[in-house]
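What follows is the content of start-v9.cif, which has mmCIF, C-alpha atoms and all ligand atoms:
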```cif
data_model
loop_
_atom_site.label_atom_id
_atom_site.label_comp_id
_atom_site.auth_asym_id
_atom_site.auth_seq_id
_atom_site.Cartn_x
_atom_site.Cartn_y
_atom_site.Cartn_z
CA MET A 1 20.89 0.13 -31.11
CA HIS A 2 22.77 2.42 -28.78
CA LYS A 3 24.71 5.54 -29.62
CA ILE A 4 27.33 6.90 -27.27
CA LEU A 5 26.57 10.54 -26.60
CA THR A 6 29.35 13.14 -26.62
CA PRO A 7 29.51 14.97 -23.26
CA ILE A 8 28.03 18.14 -24.83
CA ALA A 9 25.16 16.24 -26.42
CA ALA A 10 24.49 14.55 -23.10
CA ILE A 11 24.39 17.92 -21.28
CA LEU A 12 22.09 19.38 -23.95
CA LEU A 13 19.78 16.41 -23.67
CA SER A 14 19.63 16.50 -19.88
CA SER A 15 19.09 20.27 -19.75
CA THR A 16 16.31 19.93 -22.33
CA ALA A 17 14.76 17.25 -20.19
CA LEU A 18 14.93 19.54 -17.14
CA ALA A 19 13.50 22.55 -18.99
CA ALA A 20 10.59 20.73 -20.60
CA PRO A 21 7.76 20.00 -18.18
CA PRO A 22 7.28 16.28 -17.81
CA SER A 23 4.25 14.84 -19.50
CA PRO A 24 1.24 14.94 -17.19
CA THR A 25 0.32 11.37 -17.91
CA GLY A 26 0.37 9.25 -14.82
CA TYR A 27 2.45 6.55 -16.45
CA ASP A 28 5.44 8.93 -16.44
CA ILE A 29 5.19 9.21 -12.67
CA VAL A 30 5.20 5.44 -12.12
CA GLU A 31 7.96 4.99 -14.69
CA GLY A 32 10.07 7.81 -13.24
CA LEU A 33 9.68 6.92 -9.58
CA THR A 34 10.28 3.20 -10.04
CA THR A 35 13.24 3.78 -12.37
CA GLU A 36 14.99 6.73 -10.72
CA VAL A 37 14.29 5.82 -7.08
CA GLY A 38 13.15 2.18 -6.99
CA GLN A 39 12.24 0.68 -3.62
CA ARG A 40 11.38 3.25 -0.94
CA LEU A 41 11.27 1.54 2.44
CA ALA A 42 9.78 3.87 5.06
CA GLY A 43 12.21 5.89 7.12
CA THR A 44 15.26 4.98 5.03
CA GLU A 45 17.58 7.03 2.79
CA ALA A 46 15.68 5.65 -0.19
CA GLU A 47 12.42 7.14 1.05
CA ALA A 48 14.17 10.49 1.69
CA HIS A 49 15.49 10.39 -1.88
CA ALA A 50 11.92 9.69 -3.05
CA ARG A 51 10.69 12.81 -1.21
CA ASP A 52 13.28 14.94 -2.99
CA TRP A 53 12.25 13.36 -6.29
CA ALA A 54 8.61 14.10 -5.46
CA VAL A 55 9.27 17.78 -4.71
CA MET A 56 11.18 18.17 -7.97
CA ARG A 57 8.48 16.45 -10.01
CA LEU A 58 5.50 18.19 -8.38
CA LYS A 59 7.13 21.62 -8.81
CA ALA A 60 7.93 20.83 -12.43
CA LEU A 61 4.26 19.95 -12.98
CA GLY A 62 3.31 23.42 -11.74
CA PHE A 63 1.64 22.65 -8.40
CA ALA A 64 1.59 25.35 -5.68
CA ASN A 65 2.88 25.13 -2.08
CA VAL A 66 5.03 22.06 -2.75
CA HIS A 67 6.78 21.11 0.48
CA ILE A 68 7.79 18.26 2.81
CA GLU A 69 6.21 17.83 6.25
CA PRO A 70 8.62 15.62 8.22
CA PHE A 71 7.74 13.31 11.11
CA ASP A 72 9.61 10.66 13.11
CA MET A 73 8.96 6.92 13.17
CA PRO A 74 10.60 3.66 14.29
CA VAL A 75 12.37 1.99 11.38
CA TRP A 76 12.64 -1.75 10.67
CA VAL A 77 15.04 -3.12 8.06
CA ARG A 78 15.37 -6.58 6.53
CA GLY A 79 18.38 -8.81 7.20
CA THR A 80 19.33 -12.17 5.76
CA GLU A 81 16.54 -14.74 5.47
CA SER A 82 16.58 -18.46 4.75
CA ALA A 83 14.67 -21.61 5.70
CA GLU A 84 15.54 -25.23 5.23
CA ILE A 85 13.56 -28.35 6.12
CA LEU A 86 15.91 -30.67 8.02
CA ALA A 87 13.60 -33.70 8.23
CA PRO A 88 11.87 -35.72 6.92
CA TYR A 89 12.56 -34.37 3.40
CA PRO A 90 15.49 -31.91 3.50
CA GLN A 91 15.02 -28.95 1.15
CA LYS A 92 15.13 -25.16 1.06
CA LEU A 93 12.00 -23.01 1.23
CA VAL A 94 11.55 -19.49 -0.15
CA LEU A 95 10.36 -16.88 2.31
CA ALA A 96 10.48 -13.19 3.27
CA ALA A 97 10.42 -11.67 6.75
CA LEU A 98 7.32 -9.69 7.71
CA GLY A 99 7.80 -6.04 8.62
CA ASN A 100 8.50 -5.72 12.37
CA SER A 101 9.61 -9.39 12.51
CA GLY A 102 11.90 -10.30 15.38
CA ALA A 103 15.26 -11.92 14.64
CA THR A 104 16.85 -15.32 15.15
CA PRO A 105 20.49 -15.50 16.24
CA GLU A 106 22.91 -15.08 13.28
CA ARG A 107 23.30 -18.87 13.06
CA GLY A 108 19.51 -19.36 13.00
CA ILE A 109 17.30 -21.70 15.01
CA SER A 110 16.16 -25.28 14.49
CA ALA A 111 12.77 -26.43 15.76
CA GLU A 112 9.82 -28.65 15.03
CA ILE A 113 6.97 -27.26 12.91
CA VAL A 114 3.37 -27.24 14.13
CA GLY A 115 0.83 -26.45 11.42
CA PHE A 116 -2.62 -24.81 11.52
CA PRO A 117 -5.09 -24.45 8.63
CA SER A 118 -6.43 -21.09 9.88
CA LEU A 119 -6.00 -18.26 12.33
CA GLU A 120 -8.93 -19.68 14.32
CA ALA A 121 -7.20 -23.08 14.64
CA LEU A 122 -4.06 -21.38 15.96
CA SER A 123 -6.14 -19.34 18.40
CA ALA A 124 -7.83 -22.49 19.71
CA ALA A 125 -4.57 -24.44 20.15
CA PRO A 126 -3.33 -25.09 23.70
CA GLU A 127 -0.04 -23.42 24.64
CA ALA A 128 1.61 -26.81 25.08
CA ALA A 129 1.07 -27.59 21.38
CA VAL A 130 2.88 -24.42 20.31
CA LYS A 131 5.55 -23.66 22.93
CA GLY A 132 9.11 -23.78 21.56
CA LYS A 133 7.91 -24.73 18.06
CA ILE A 134 7.83 -22.94 14.73
CA VAL A 135 4.17 -22.27 13.98
CA PHE A 136 2.99 -22.51 10.37
CA VAL A 137 -0.43 -21.08 9.40
CA TRP A 138 -1.97 -21.57 5.98
CA HIS A 139 -5.22 -20.51 4.28
CA ARG A 140 -7.09 -20.57 0.96
CA MET A 141 -7.17 -16.95 -0.17
CA THR A 142 -8.44 -16.50 -3.73
CA ALA A 143 -8.56 -13.46 -6.02
CA THR A 144 -11.62 -11.18 -5.89
CA GLN A 145 -12.44 -8.12 -7.96
CA ASP A 146 -13.15 -6.00 -4.88
CA GLY A 147 -10.15 -7.26 -2.91
CA SER A 148 -12.41 -8.45 -0.09
CA SER A 149 -10.41 -11.68 0.41
CA TYR A 150 -7.61 -9.51 1.85
CA GLY A 151 -10.03 -8.49 4.58
CA THR A 152 -10.68 -12.16 5.33
CA TYR A 153 -7.09 -13.42 5.23
CA GLY A 154 -5.03 -10.30 6.05
CA PRO A 155 -5.36 -11.02 9.81
CA ILE A 156 -3.17 -14.10 9.31
CA ARG A 157 -0.34 -11.65 8.72
CA PHE A 158 -1.42 -8.90 11.15
CA ALA A 159 -2.54 -11.03 14.08
CA ALA A 160 -1.23 -14.63 13.91
CA PRO A 161 2.36 -13.66 14.90
CA THR A 162 1.10 -12.05 18.12
CA ILE A 163 -1.02 -15.11 18.95
CA ALA A 164 1.92 -17.46 18.28
CA SER A 165 4.25 -15.28 20.38
CA LYS A 166 1.83 -15.20 23.31
CA LYS A 167 1.64 -19.02 23.24
CA GLY A 168 5.45 -19.23 23.42
CA ALA A 169 6.23 -20.14 19.78
CA ALA A 170 9.89 -19.92 18.71
CA ALA A 171 8.92 -18.37 15.37
CA ILE A 172 6.04 -18.21 12.89
CA LEU A 173 5.74 -18.84 9.18
CA ILE A 174 2.57 -17.97 7.30
CA ARG A 175 1.41 -18.81 3.79
CA SER A 176 1.85 -15.50 1.93
CA VAL A 177 -1.28 -13.39 1.93
CA GLY A 178 -1.38 -13.49 -1.86
CA THR A 179 -3.27 -15.11 -4.73
CA ASP A 180 -0.49 -16.05 -7.17
CA HIS A 181 1.33 -19.34 -7.57
CA HIS A 182 4.79 -17.97 -8.11
CA ARG A 183 7.74 -18.75 -5.90
CA VAL A 184 7.73 -15.15 -4.69
CA PRO A 185 6.82 -14.42 -1.06
CA HIS A 186 4.60 -11.49 0.00
CA THR A 187 5.94 -9.38 2.84
CA GLY A 188 3.87 -6.80 4.77
CA VAL A 189 3.68 -5.45 8.26
CA THR A 190 2.73 -7.43 11.31
CA ASP A 191 1.48 -5.76 14.47
CA TRP A 192 2.75 -6.91 17.83
CA ALA A 193 0.03 -6.42 20.40
CA LYS A 194 0.99 -4.97 23.76
CA GLY A 195 2.88 -7.55 25.79
CA ALA A 196 3.72 -9.75 22.78
CA LYS A 197 7.46 -10.22 22.30
CA PRO A 198 8.43 -9.89 18.60
CA ILE A 199 9.40 -13.37 17.39
CA PRO A 200 10.89 -14.20 13.98
CA ALA A 201 7.96 -14.01 11.52
CA ALA A 202 8.04 -14.66 7.78
CA ALA A 203 5.82 -15.45 4.81
CA LEU A 204 6.49 -18.49 2.62
CA SER A 205 5.73 -18.14 -1.09
CA VAL A 206 2.43 -19.85 -1.93
CA PRO A 207 4.11 -22.87 -3.66
CA ASP A 208 6.46 -23.28 -0.69
CA ALA A 209 3.55 -23.10 1.74
CA GLU A 210 1.70 -25.76 -0.24
CA GLN A 211 4.85 -27.89 -0.24
CA LEU A 212 5.18 -27.60 3.54
CA GLU A 213 1.47 -28.39 3.94
CA ARG A 214 1.93 -31.61 1.90
CA ILE A 215 5.00 -32.58 3.89
CA LEU A 216 3.12 -32.08 7.18
CA ALA A 217 0.22 -34.16 5.82
CA ARG A 218 2.59 -37.16 5.60
CA GLY A 219 2.28 -37.28 9.38
CA LYS A 220 5.98 -37.44 10.29
CA PRO A 221 7.60 -34.84 12.57
CA VAL A 222 8.91 -31.93 10.45
CA SER A 223 11.91 -29.91 11.64
CA LEU A 224 13.15 -26.72 10.08
CA HIS A 225 16.19 -24.45 10.31
CA LEU A 226 15.28 -20.77 10.12
CA THR A 227 17.51 -17.71 9.87
CA LEU A 228 16.01 -14.21 9.91
CA THR A 229 18.14 -11.24 10.94
CA PRO A 230 16.08 -8.08 10.49
CA ARG A 231 16.50 -5.28 13.00
CA MET A 232 14.91 -2.11 14.33
CA THR A 233 17.28 0.76 13.58
CA GLY A 234 15.71 3.30 15.96
CA THR A 235 13.76 6.47 15.32
CA ARG A 236 14.27 8.01 11.89
CA GLN A 237 12.65 10.70 9.80
CA SER A 238 9.95 10.16 7.23
CA GLY A 239 7.64 12.79 5.78
CA ASN A 240 4.61 13.67 3.69
CA VAL A 241 5.05 15.59 0.44
CA VAL A 242 2.26 18.12 -0.03
CA ALA A 243 1.21 20.01 -3.19
CA GLU A 244 -1.84 22.12 -3.97
CA VAL A 245 -4.09 23.48 -6.66
CA PRO A 246 -5.38 26.63 -4.93
CA GLY A 247 -9.11 27.21 -5.12
CA THR A 248 -10.95 30.51 -5.49
CA ASP A 249 -12.97 30.13 -2.28
CA PRO A 250 -11.05 28.82 0.75
CA THR A 251 -14.23 28.82 2.88
CA THR A 252 -15.56 25.84 0.88
CA GLY A 253 -12.99 23.45 2.35
CA ILE A 254 -10.08 21.38 1.09
CA VAL A 255 -10.38 18.32 -1.15
CA LEU A 256 -7.66 15.99 0.16
CA ILE A 257 -6.42 13.27 -2.19
CA GLY A 258 -3.30 11.13 -2.48
CA GLY A 259 -1.50 7.84 -2.21
CA HIS A 260 1.66 6.68 -0.46
CA LEU A 261 5.25 7.33 -1.43
CA ASP A 262 6.91 4.59 0.61
CA SER A 263 6.98 1.01 -0.59
CA TRP A 264 8.14 -2.36 0.63
CA ASP A 265 11.77 -3.11 -0.07
CA LEU A 266 11.45 -6.20 -2.29
CA GLY A 267 10.08 -4.70 -5.53
CA THR A 268 10.04 -1.14 -6.83
CA GLY A 269 6.56 -0.30 -5.53
CA ALA A 270 4.90 0.19 -8.93
CA ILE A 271 1.39 -1.00 -8.10
CA ASP A 272 1.85 -0.21 -4.39
CA ASP A 273 1.72 2.67 -4.58
CA ALA A 274 3.45 4.60 -7.36
CA ALA A 275 0.25 3.88 -9.33
CA GLY A 276 -1.88 5.62 -6.69
CA LEU A 277 0.42 8.65 -6.76
CA ALA A 278 0.20 8.68 -10.54
CA ILE A 279 -3.59 8.48 -10.59
CA THR A 280 -4.18 11.19 -7.98
CA THR A 281 -1.44 13.47 -9.33
CA ALA A 282 -2.60 13.23 -12.94
CA ALA A 283 -6.18 13.93 -11.80
CA ALA A 284 -5.01 16.95 -9.76
CA LYS A 285 -3.01 18.09 -12.79
CA SER A 286 -6.20 18.00 -14.87
CA ILE A 287 -7.72 20.48 -12.39
CA LEU A 288 -4.55 22.60 -12.47
CA ASP A 289 -4.70 22.77 -16.27
CA GLY A 290 -8.46 23.52 -16.39
CA PRO A 291 -10.61 26.35 -15.04
CA ARG A 292 -9.58 27.43 -11.54
CA PRO A 293 -11.52 25.28 -9.01
CA LYS A 294 -13.68 26.71 -6.24
CA ARG A 295 -12.19 24.34 -3.64
CA THR A 296 -8.47 23.83 -3.07
CA VAL A 297 -7.16 20.42 -4.11
CA ARG A 298 -4.51 19.23 -1.67
CA LEU A 299 -2.46 16.35 -3.03
CA VAL A 300 -0.40 14.39 -0.49
CA TRP A 301 2.23 11.77 -1.24
CA PHE A 302 2.11 10.17 2.20
CA GLY A 303 5.23 8.73 3.83
CA ALA A 304 5.49 5.54 5.88
CA GLU A 305 2.09 4.03 5.11
CA GLU A 306 3.28 0.42 4.96
CA PRO A 307 4.70 0.08 8.48
CA GLY A 308 1.48 1.41 10.02
CA GLY A 309 0.06 4.60 8.55
CA PHE A 310 2.48 7.03 10.17
CA GLY A 311 2.03 9.58 7.36
CA GLY A 312 -1.75 9.63 7.63
CA GLU A 313 -1.57 10.13 11.37
CA ALA A 314 0.99 12.93 11.02
CA TYR A 315 -1.25 14.63 8.44
CA ALA A 316 -4.33 14.48 10.67
CA LYS A 317 -2.31 15.81 13.61
CA ALA A 318 -1.01 18.76 11.58
CA HIS A 319 -4.14 19.55 9.56
CA GLY A 320 -7.08 17.97 11.37
CA GLY A 321 -8.31 21.40 12.44
CA GLU A 322 -8.58 22.72 8.88
CA LYS A 323 -11.87 22.55 7.02
CA HIS A 324 -11.89 19.50 4.72
CA ALA A 325 -14.78 19.15 2.28
CA LEU A 326 -13.91 15.69 0.99
CA THR A 327 -11.17 13.09 0.83
CA ALA A 328 -10.25 10.14 -1.41
CA GLU A 329 -7.25 7.85 -1.64
CA ALA A 330 -5.75 5.64 -4.36
CA ASP A 331 -3.91 2.64 -2.91
CA PHE A 332 -5.14 -0.36 -4.84
CA GLY A 333 -2.89 -0.65 -7.87
CA GLY A 334 -3.10 0.75 -11.37
CA ASP A 335 -6.02 -1.16 -12.85
CA LYS A 336 -9.34 0.29 -13.99
CA VAL A 337 -12.03 1.81 -11.81
CA TRP A 338 -15.25 -0.21 -12.03
CA SER A 339 -17.45 1.26 -9.30
CA PHE A 340 -17.64 3.91 -6.62
CA ARG A 341 -19.01 4.45 -3.14
CA ALA A 342 -19.58 7.78 -1.43
CA SER A 343 -20.19 8.64 2.20
CA PHE A 344 -21.82 12.06 2.42
CA ALA A 345 -23.79 13.61 5.28
CA GLN A 346 -26.88 13.51 3.06
CA PRO A 347 -27.58 9.99 1.83
CA LYS A 348 -29.38 11.31 -1.26
CA SER A 349 -28.03 14.39 -2.99
CA ALA A 350 -27.70 16.06 -6.36
CA LEU A 351 -23.94 15.62 -6.03
CA ARG A 352 -24.26 11.86 -5.77
CA ASP A 353 -26.55 11.81 -8.82
CA THR A 354 -24.16 13.98 -10.82
CA LEU A 355 -21.24 11.72 -9.93
CA ALA A 356 -23.22 8.64 -10.93
CA THR A 357 -24.24 10.17 -14.26
CA ARG A 358 -20.78 11.43 -15.18
CA LEU A 359 -18.90 8.31 -14.05
CA SER A 360 -21.34 5.99 -15.82
CA LEU A 361 -20.10 7.49 -19.11
CA ILE A 362 -16.85 5.56 -18.61
CA GLY A 363 -18.50 2.44 -17.19
CA VAL A 364 -18.16 3.24 -13.48
CA GLN A 365 -21.28 2.34 -11.49
CA PRO A 366 -22.39 3.44 -8.02
CA LEU A 367 -22.38 0.89 -5.18
CA SER A 368 -24.32 1.16 -1.95
CA GLY A 369 -22.60 1.00 1.42
CA GLU A 370 -20.05 3.14 3.21
CA ALA A 371 -16.87 4.49 1.66
CA HIS A 372 -13.78 4.17 3.84
CA GLY A 373 -10.85 5.90 2.17
CA GLY A 374 -7.71 4.01 3.18
CA THR A 375 -4.91 3.99 5.72
CA ASP A 376 -3.61 7.43 4.76
CA VAL A 377 -6.83 9.44 4.75
CA GLY A 378 -8.43 7.14 7.35
CA PRO A 379 -7.74 9.46 10.30
CA MET A 380 -9.53 12.30 8.47
CA VAL A 381 -12.44 9.99 7.58
CA GLN A 382 -12.71 9.05 11.25
CA LYS A 383 -13.06 12.73 12.09
CA GLY A 384 -16.10 12.86 9.78
CA THR A 385 -14.68 14.08 6.47
CA PRO A 386 -16.94 13.03 3.55
CA VAL A 387 -15.18 10.39 1.46
CA ILE A 388 -15.38 8.79 -1.97
CA ASP A 389 -13.89 5.40 -2.87
CA LEU A 390 -13.23 4.86 -6.56
CA GLU A 391 -13.04 1.08 -6.57
CA GLN A 392 -10.31 -0.34 -8.80
CA ASP A 393 -10.26 -3.83 -10.21
CA GLY A 394 -8.34 -5.91 -7.68
CA THR A 395 -8.44 -9.23 -9.52
CA ARG A 396 -4.66 -9.38 -10.03
CA TYR A 397 -3.61 -6.99 -7.26
CA PHE A 398 -2.86 -9.66 -4.64
CA ASP A 399 -0.82 -11.68 -7.13
CA ILE A 400 1.80 -8.93 -6.94
CA HIS A 401 1.15 -6.99 -3.71
CA HIS A 402 4.24 -6.65 -1.44
CA THR A 403 6.41 -8.93 -3.59
CA ALA A 404 9.65 -8.56 -5.54
CA ASP A 405 7.35 -8.74 -8.58
CA ASP A 406 5.83 -5.32 -7.89
CA THR A 407 7.58 -3.66 -10.82
CA LEU A 408 6.74 -1.29 -13.68
CA ASP A 409 5.89 -4.02 -16.21
CA LYS A 410 2.78 -4.85 -14.12
CA ILE A 411 1.28 -1.45 -14.97
CA ASP A 412 -1.22 -1.57 -17.83
CA PRO A 413 -1.10 1.96 -19.35
CA ALA A 414 -4.64 1.69 -20.77
CA GLN A 415 -6.17 0.73 -17.41
CA LEU A 416 -4.10 3.38 -15.64
CA ALA A 417 -5.41 5.99 -18.07
CA GLN A 418 -9.01 4.91 -17.39
CA ALA A 419 -8.45 5.21 -13.63
CA ILE A 420 -7.03 8.71 -14.12
CA GLU A 421 -10.07 9.67 -16.19
CA ALA A 422 -12.43 8.42 -13.47
CA TRP A 423 -10.49 10.36 -10.84
CA SER A 424 -10.41 13.50 -13.01
CA ILE A 425 -14.20 13.35 -13.49
CA MET A 426 -14.78 12.82 -9.76
CA LEU A 427 -12.37 15.59 -8.79
CA ARG A 428 -13.76 18.18 -11.23
CA THR A 429 -17.27 17.42 -9.95
CA VAL A 430 -16.43 17.83 -6.25
CA VAL A 431 -14.18 20.90 -6.52
CA ASP A 432 -16.92 22.92 -8.17
CA THR A 433 -20.12 21.52 -6.68
CA ASP A 434 -22.49 23.82 -4.81
CA ASP A 435 -23.07 21.01 -2.30
CA THR A 436 -21.66 22.19 1.02
CA LEU A 437 -20.20 18.73 1.72
CA ALA A 438 -21.07 19.00 5.39
CA PRO A 439 -19.08 16.77 7.76
CA LEU A 440 -20.46 13.45 9.00
CA PRO A 441 -20.49 12.37 12.64
CA PRO A 442 -17.04 11.08 13.66
CA ARG A 443 -16.54 7.32 13.14
CA LYS A 444 -15.23 5.00 15.78
CA GLY A 445 -12.88 2.05 15.72
CA GLU A 446 -12.07 2.07 12.04
CA GLU A 447 -8.77 2.13 10.22
ZN ZN B 1 -0.26 0.51 -0.43
#
```
Encoding of this model in structure tokens:
Amino acid sequence: MHKILTPIAAILLSSTALAAPPSPTGYDIVEGLTTEVGQRLAGTEAEAHARDWAVMRLKALGFANVHIEPFDMPVWVRGTESAEILAPYPQKLVLAALGNSGATPERGISAEIVGFPSLEALSAAPEAAVKGKIVFVWHRMTATQDGSSYGTYGPIRFAAPTIASKKGAAAILIRSVGTDHHRVPHTGVTDWAKGAKPIPAAALSVPDAEQLERILARGKPVSLHLTLTPRMTGTRQSGNVVAEVPGTDPTTGIVLIGGHLDSWDLGTGAIDDAAGLAITTAAAKSILDGPRPKRTVRLVWFGAEEPGGFGGEAYAKAHGGEKHALTAEADFGGDKVWSFRASFAQPKSALRDTLATRLSLIGVQPLSGEAHGGTDVGPMVQKGTPVIDLEQDGTRYFDIHHTADDTLDKIDPAQLAQAIEAWSIMLRTVVDTDDTLAPLPPRKGEE
């Protein structure tokens, strides 16, 4: 049932809403950002609007030193996109251009398809088999709790377009790097290596990729008409939004946490990465509302992560010289934390034991091996900043990742609350620990 508000009632309601601090629960952040801003493609007006929203919300929550740190970046925007098999079985296919995709002419192109079951098969193909054709690469990615299948199959999106371009392909289609069976394609950035001309590059939804694979298996020549008209719009401004919980002892170093504010343009960026902002912000808020920490918590809502980690690089450039005690990033959806990894200078320490004991109370177990952070804090990790990964359950993450289906309804409030609790426990432990959190040797060749 809906009541129509009188103008005065509406003003009273909105001013009450402004005066009352928003609830610190993370769900409110995901709900607010996805509802009031929606998609936030890097370097666009929408992302700028998201930064203003972020400043308003972080100030309202009571954080200190809330400000925007702008930087410039090249901006890619989507155009029209369609694909149609011309022969032997005419039909439309559902696809989405990859970030940084080149464009076809407005009228599109028609060419024969050449298919490859893997990146390796494409790499091994002679130029003559590929030249002038539309390359299609498929794979068999399946869901994993730790998300490791993205490591295996992600290169089909990052690297196959460059390989196809260098062999003279007219365009490339990939099977979406995703684990669902919905007719919803997964976008994501592709990287053109030096000397590779950007060609039209798109991801078919998984059912469409399977359809094309079956059609190719019939053994008849397959031709396709493809129209993709994205464009680079030049250098635009993005920015990181920074907020702090000031510590009592600045000599102990900063604890840097955050997620990314930009999203792909197809959905509303709920799991990627409004959820990460919600988790890290709610955890930082728990420090703000508790006893004053020894270390300063610096919360960053990074800009322009998706097109290539521009925000993380800008942060490291601006702040790399400051003493950082520890970093951690949330960019793996809104589901529960099930394990953690830590990379400290001392492999065995009281801090690690304390973390393991406290986190085990909510079912989070330690894992061996290195922690990596993510794209945004990666440059600081490379410099040797100690890092903790709170591993979230990724079983359903790649069903939704980078699709039009990345919307608020995919957030499970109970799992989000558990992730916030895990982060709050971790954060409270590291801001007050007597461990000096000495830096590690710089890492090489890692993102
Ligand atoms: Zn992300």
At a cut-off of 10 Å around ligand ZN 1 (chain B), and using only C-alpha atoms and all ligand atoms, what residues come up? Please write them as a list in words.
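If we count only C-alpha atoms and all ligand atoms, the neighbours of ligand ZN 1 (chain B) turn out to be Gly188, Gly259, His260, Leu261, Asp262, Ser263, Trp264, Gly269, Ala270, Ile271, Asp272, Asp273, Ala274, Ala275, Gly276, Ala304, Glu305, Glu306, Gly309, Ala330, Asp331, Phe332, Gly333, Gly374, Thr375, Asp376, His401 and His402 of chain A.
In this comparison, which uses only C-alpha atoms, the residue of A:Thr142, A:Thr80, A:Thr187, A:Ser101 approaching Thr162 of chain A most closely is A:Ser101.
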Identify, on the basis of only C-alpha atoms, every residue whose closest approach to Arg352 of chain A does not exceed 9 Å; exclude the query and any residue fewer than 6 positions from it along the same chain; express the result as JSON, numbers by chain.
{"A": [342, 344, 366]}
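Closest approach to Gly32 of chain A from the set A:Thr44, A:Thr251, A:Thr407, A:Thr104 is made by A:Thr407, with distances taken over all atoms listed in the file.
Restricting the calculation to only C-alpha atoms, the smallest distance between Lys383 of chain A and any of A:Thr429, A:Lys348, A:Leu326, A:Ala414 is found for A:Leu326.
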